[in-house]
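Participant: Below is the structure I would like to discuss, written out as structure tokens.
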Amino acid sequence: MTSEAEIHRLPRGFHLPTVENARDKVRTIEELGVIANHLRDTGRSVVQAHGTFDLLHLGHVRHLEAARRLGDTLVVTITADRFVNKGPGRPVFTEVLRAEMLAALEYVDWVAINPAPDAVSAIDAIRPKVYVKGQDYQNPEGDVTGKITAERKAAEAHGGHLAFTDEVTFSSSELINRHLNVFEPHVREHLSSLRNDGGLNELLSLLDRIRDYRVVLVGDAIIDEYQYVLPMAKAPKENIIATRYQDRELFAGGVFAAANHVASFCKQVDVITSLGAQQSFETVVRDALLPNVRHVVSIKMSGLRIPWPQPVWGRCRKFRESVVRELFGTIW
């Protein structure tokens, strides 16, 4: 069995990368793991901050400045574009631009784009002495998705701890919604009227009432596949563009996307759906779901976890009552 020391062993003669400009500070999570190990070996402590940082403002600047004072080296990890769940048109700035902007700050030593919905895997790679969040995350009751709890446990598992800065706070989302034209005019007008007539407070009150709900979603599983190609030339006899395959990306949609949305507001979400017997994409689904989407009961045509009911074909397909009871008994 490979030991943790062997996994994190540094290359012989390792030296920190040369930094000549802000872009040189931007590295992969794996590279930051190696850099952090080197820093610890030389007696320096590592502090990690994590967030979206879509619109860098004074609140972010003060937060990162305070974080830097908690150790010798400040590493900032940012949420990748595909995991930013802050509404249409977000993020306004791409992950590459956000990373470079943060790297331009003198007290930020290293930056990485985190290819995961939370910071747990990044914390496991970097193993900071201090993991830092802003004071708006300090109230555990506001952690409806469970992300902060999971990240705190990840930091403590490596001998670190969670700390909160106490600086001036702003909301990037509010600044963007108020001052940048990311929405259509009629949407901006509606949002403005909500703020002015108290509708926003009413919505927040309703959301607060469902915070402790446990929700079950039943729906179709959809896996979206994006294939990325490089255009080469136009075919001489056809009106088509010849392309060369580059890469592909899979996304969990349908009921899984809905589950993530609901999980942003509720304590726990369970999912009942049907996955393919030959190609279930369970790993894709598991990696895409938020931590508080706890149970996914998948019905398959073969190798069933529960008996497959005989469907009644007509305008819709129905399950027998006994099977519905068994489904809910599985997750409750």
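Identifiers for the structure tokens are assigned positionally: chains receive A, B, ... in sequence, residues are indexed from 1 per chain, and ligands are indexed from 1 in the order shown.
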For Asp124 in chain A, list every protein, DNA or RNA residue within 8 Å, evaluated using only C-alpha atoms, and leave out those in the same chain fewer than 5 positions away; present the list as a PDB file with C-alpha atoms, in the first residue's frame.

Facilitator:
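And here is the file that came out, around_31.pdb:
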```pdb
ATOM      1  CA  ALA A 154     -11.550  18.285   5.294  1.00  0.00           C
ATOM      2  CA  ALA A 155      -9.264  20.965   6.756  1.00  0.00           C
ATOM      3  CA  HIS A 158      -5.199  17.268   7.681  1.00  0.00           C
TER       4      HIS A 158
END
```

Participant: Which parts of range 37-156 of chain A does DSSP call alpha helix (DSSP H) when run on the backbone here, written out as a ChimeraX atom specification?

Facilitator: /A:37-41,58-68,95-103,120-126,147-156

Participant: Using only C-alpha atoms, which residue out of A:Leu217, A:Met101, A:Leu290, A:Ala150 lies closest to Tyr131 in chain A?

Facilitator: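 Distance minimum relative to Tyr131 in chain A lands on A:Ala150.
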
Participant: Got a sec: who's within 9 Å of Glu95 in chain A, counting only C-alpha atoms, leaving out chain neighbours fewer than 2 positions off, as a list in words?

Facilitator: Thr52, Asp54, Ile78, Thr79, Ala80, Asp81, Pro91, Phe93, Leu97, Arg98, Ala99, Glu100 and Ile113 of chain A

Participant: Create the file for the chosen residues now, containing N, CA, C and O atoms and written as a PDB file, in the first residue's frame.

Facilitator:
```pdb
ATOM      1  N   THR A  52     -15.883  32.237  -5.359  1.00  0.00           N
ATOM      2  CA  THR A  52     -16.125  32.485  -6.778  1.00  0.00           C
ATOM      3  C   THR A  52     -15.369  33.722  -7.249  1.00  0.00           C
ATOM      4  O   THR A  52     -14.751  33.727  -8.313  1.00  0.00           O
ATOM      5  N   ASP A  54     -16.381  36.587  -8.479  1.00  0.00           N
ATOM      6  CA  ASP A  54     -16.795  36.961  -9.839  1.00  0.00           C
ATOM      7  C   ASP A  54     -16.532  38.432 -10.124  1.00  0.00           C
ATOM      8  O   ASP A  54     -16.080  38.793 -11.203  1.00  0.00           O
ATOM      9  N   ILE A  78     -10.471  29.059  -6.775  1.00  0.00           N
ATOM     10  CA  ILE A  78     -11.731  29.645  -7.233  1.00  0.00           C
ATOM     11  C   ILE A  78     -12.603  28.569  -7.872  1.00  0.00           C
ATOM     12  O   ILE A  78     -12.101  27.575  -8.410  1.00  0.00           O
ATOM     13  N   THR A  79     -13.896  28.776  -7.803  1.00  0.00           N
ATOM     14  CA  THR A  79     -14.851  27.840  -8.375  1.00  0.00           C
ATOM     15  C   THR A  79     -14.813  27.916  -9.901  1.00  0.00           C
ATOM     16  O   THR A  79     -14.881  29.004 -10.473  1.00  0.00           O
ATOM     17  N   ALA A  80     -14.697  26.767 -10.561  1.00  0.00           N
ATOM     18  CA  ALA A  80     -14.694  26.725 -12.020  1.00  0.00           C
ATOM     19  C   ALA A  80     -16.034  27.207 -12.561  1.00  0.00           C
ATOM     20  O   ALA A  80     -17.073  27.109 -11.885  1.00  0.00           O
ATOM     21  N   ASP A  81     -16.011  27.729 -13.775  1.00  0.00           N
ATOM     22  CA  ASP A  81     -17.211  28.313 -14.376  1.00  0.00           C
ATOM     23  C   ASP A  81     -18.417  27.383 -14.303  1.00  0.00           C
ATOM     24  O   ASP A  81     -19.531  27.802 -13.977  1.00  0.00           O
ATOM     25  N   PRO A  91     -20.830  32.919 -14.268  1.00  0.00           N
ATOM     26  CA  PRO A  91     -20.106  34.120 -13.835  1.00  0.00           C
ATOM     27  C   PRO A  91     -19.983  35.148 -14.962  1.00  0.00           C
ATOM     28  O   PRO A  91     -19.966  34.788 -16.141  1.00  0.00           O
ATOM     29  N   PHE A  93     -17.327  37.048 -15.324  1.00  0.00           N
ATOM     30  CA  PHE A  93     -15.943  36.906 -15.770  1.00  0.00           C
ATOM     31  C   PHE A  93     -15.558  35.426 -15.747  1.00  0.00           C
ATOM     32  O   PHE A  93     -15.870  34.716 -14.800  1.00  0.00           O
ATOM     33  N   LEU A  97     -10.036  34.709 -16.258  1.00  0.00           N
ATOM     34  CA  LEU A  97      -9.932  36.127 -15.912  1.00  0.00           C
ATOM     35  C   LEU A  97     -10.008  36.337 -14.408  1.00  0.00           C
ATOM     36  O   LEU A  97      -9.283  37.169 -13.847  1.00  0.00           O
ATOM     37  N   ARG A  98     -10.881  35.595 -13.747  1.00  0.00           N
ATOM     38  CA  ARG A  98     -10.989  35.726 -12.285  1.00  0.00           C
ATOM     39  C   ARG A  98      -9.694  35.310 -11.597  1.00  0.00           C
ATOM     40  O   ARG A  98      -9.254  35.939 -10.638  1.00  0.00           O
ATOM     41  N   ALA A  99      -9.085  34.242 -12.105  1.00  0.00           N
ATOM     42  CA  ALA A  99      -7.830  33.771 -11.516  1.00  0.00           C
ATOM     43  C   ALA A  99      -6.722  34.797 -11.698  1.00  0.00           C
ATOM     44  O   ALA A  99      -5.953  35.081 -10.762  1.00  0.00           O
ATOM     45  N   GLU A 100      -6.626  35.381 -12.875  1.00  0.00           N
ATOM     46  CA  GLU A 100      -5.564  36.368 -13.129  1.00  0.00           C
ATOM     47  C   GLU A 100      -5.767  37.629 -12.291  1.00  0.00           C
ATOM     48  O   GLU A 100      -4.797  38.215 -11.793  1.00  0.00           O
ATOM     49  N   ILE A 113      -7.712  27.141 -10.263  1.00  0.00           N
ATOM     50  CA  ILE A 113      -9.124  26.943 -10.597  1.00  0.00           C
ATOM     51  C   ILE A 113      -9.519  25.559 -10.112  1.00  0.00           C
ATOM     52  O   ILE A 113      -8.880  24.562 -10.464  1.00  0.00           O
TER      53      ILE A 113
END
```

Participant: Please report, as number ranges by chain, each residue of range 5-202 of chain A to which DSSP assigns strand (DSSP E) when run on this structure's backbone.

Facilitator: A: 26-27, 46-51, 73-79, 110-114, 130-134, 161-165

Participant: Residues near Val132 in chain A, anyone? I mean within 12 Å using only C-alpha atoms, not counting same-chain ones fewer than 5 positions away, as a short mmCIF file (atom, residue, chain, number, x, y, z; two decimals) with C-alpha atoms, in the first residue's frame.

Facilitator:
```
data_model
loop_
_atom_site.label_atom_id
_atom_site.label_comp_id
_atom_site.auth_asym_id
_atom_site.auth_seq_id
_atom_site.Cartn_x
_atom_site.Cartn_y
_atom_site.Cartn_z
CA VAL A 46 -0.08 27.74 4.14
CA VAL A 47 -3.43 29.55 4.25
CA GLN A 48 -6.17 28.74 1.74
CA ALA A 49 -9.12 30.91 0.76
CA HIS A 50 -11.82 29.72 -1.62
CA GLY A 51 -14.70 31.34 -3.46
CA HIS A 63 -10.83 39.46 3.24
CA LEU A 64 -7.75 38.20 1.39
CA GLU A 65 -5.49 40.73 3.10
CA ALA A 66 -6.72 39.47 6.49
CA ALA A 67 -6.30 35.85 5.36
CA ARG A 68 -2.69 36.51 4.38
CA ARG A 69 -1.93 37.65 7.94
CA LEU A 70 -2.91 34.20 9.24
CA GLY A 71 0.10 32.48 7.68
CA LEU A 74 -1.82 32.60 0.80
CA VAL A 75 -3.28 30.22 -1.76
CA VAL A 76 -6.63 31.12 -3.35
CA THR A 77 -8.77 28.54 -5.13
CA ALA A 119 -13.40 22.94 -2.06
CA ILE A 123 -8.24 21.17 0.58
CA TYR A 137 -20.37 32.08 6.33
CA GLN A 138 -19.86 32.06 10.10
CA ILE A 148 -18.83 24.71 4.75
CA GLU A 151 -14.80 21.82 3.98
CA ARG A 152 -14.19 22.35 7.70
CA ALA A 155 -9.26 20.96 6.76
CA GLY A 160 -5.75 22.45 9.87
CA HIS A 161 -8.69 24.53 11.04
CA LEU A 162 -11.40 26.82 9.71
CA ALA A 163 -11.11 30.57 10.41
CA PHE A 164 -13.35 33.52 9.56
CA THR A 165 -12.25 37.03 8.69
CA ASP A 166 -14.13 40.01 10.09
#
```

Participant: CA of Leu32 in chain A and CA of Ile126 in chain A are how many Å apart?

Facilitator: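 Answer for the CA of Leu32 in chain A to CA of Ile126 in chain A separation: 6.3 Å.
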
Participant: If you count only C-alpha atoms, which residues fall within 10 Å of range 224-226 of chain A, apart from same-chain ones fewer than 2 positions away, as a ChimeraX atom specification?

Facilitator: /A:221-222,228-229,247-254

Participant: Applying 6 Å and only C-alpha atoms, which residues near Ile272 in chain A remain after dropping the ones on its own chain fewer than 3 positions away? List them as a list in words.

Facilitator: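 In the requested form, the answer reads Val218, Val296 and Val297 of chain A.
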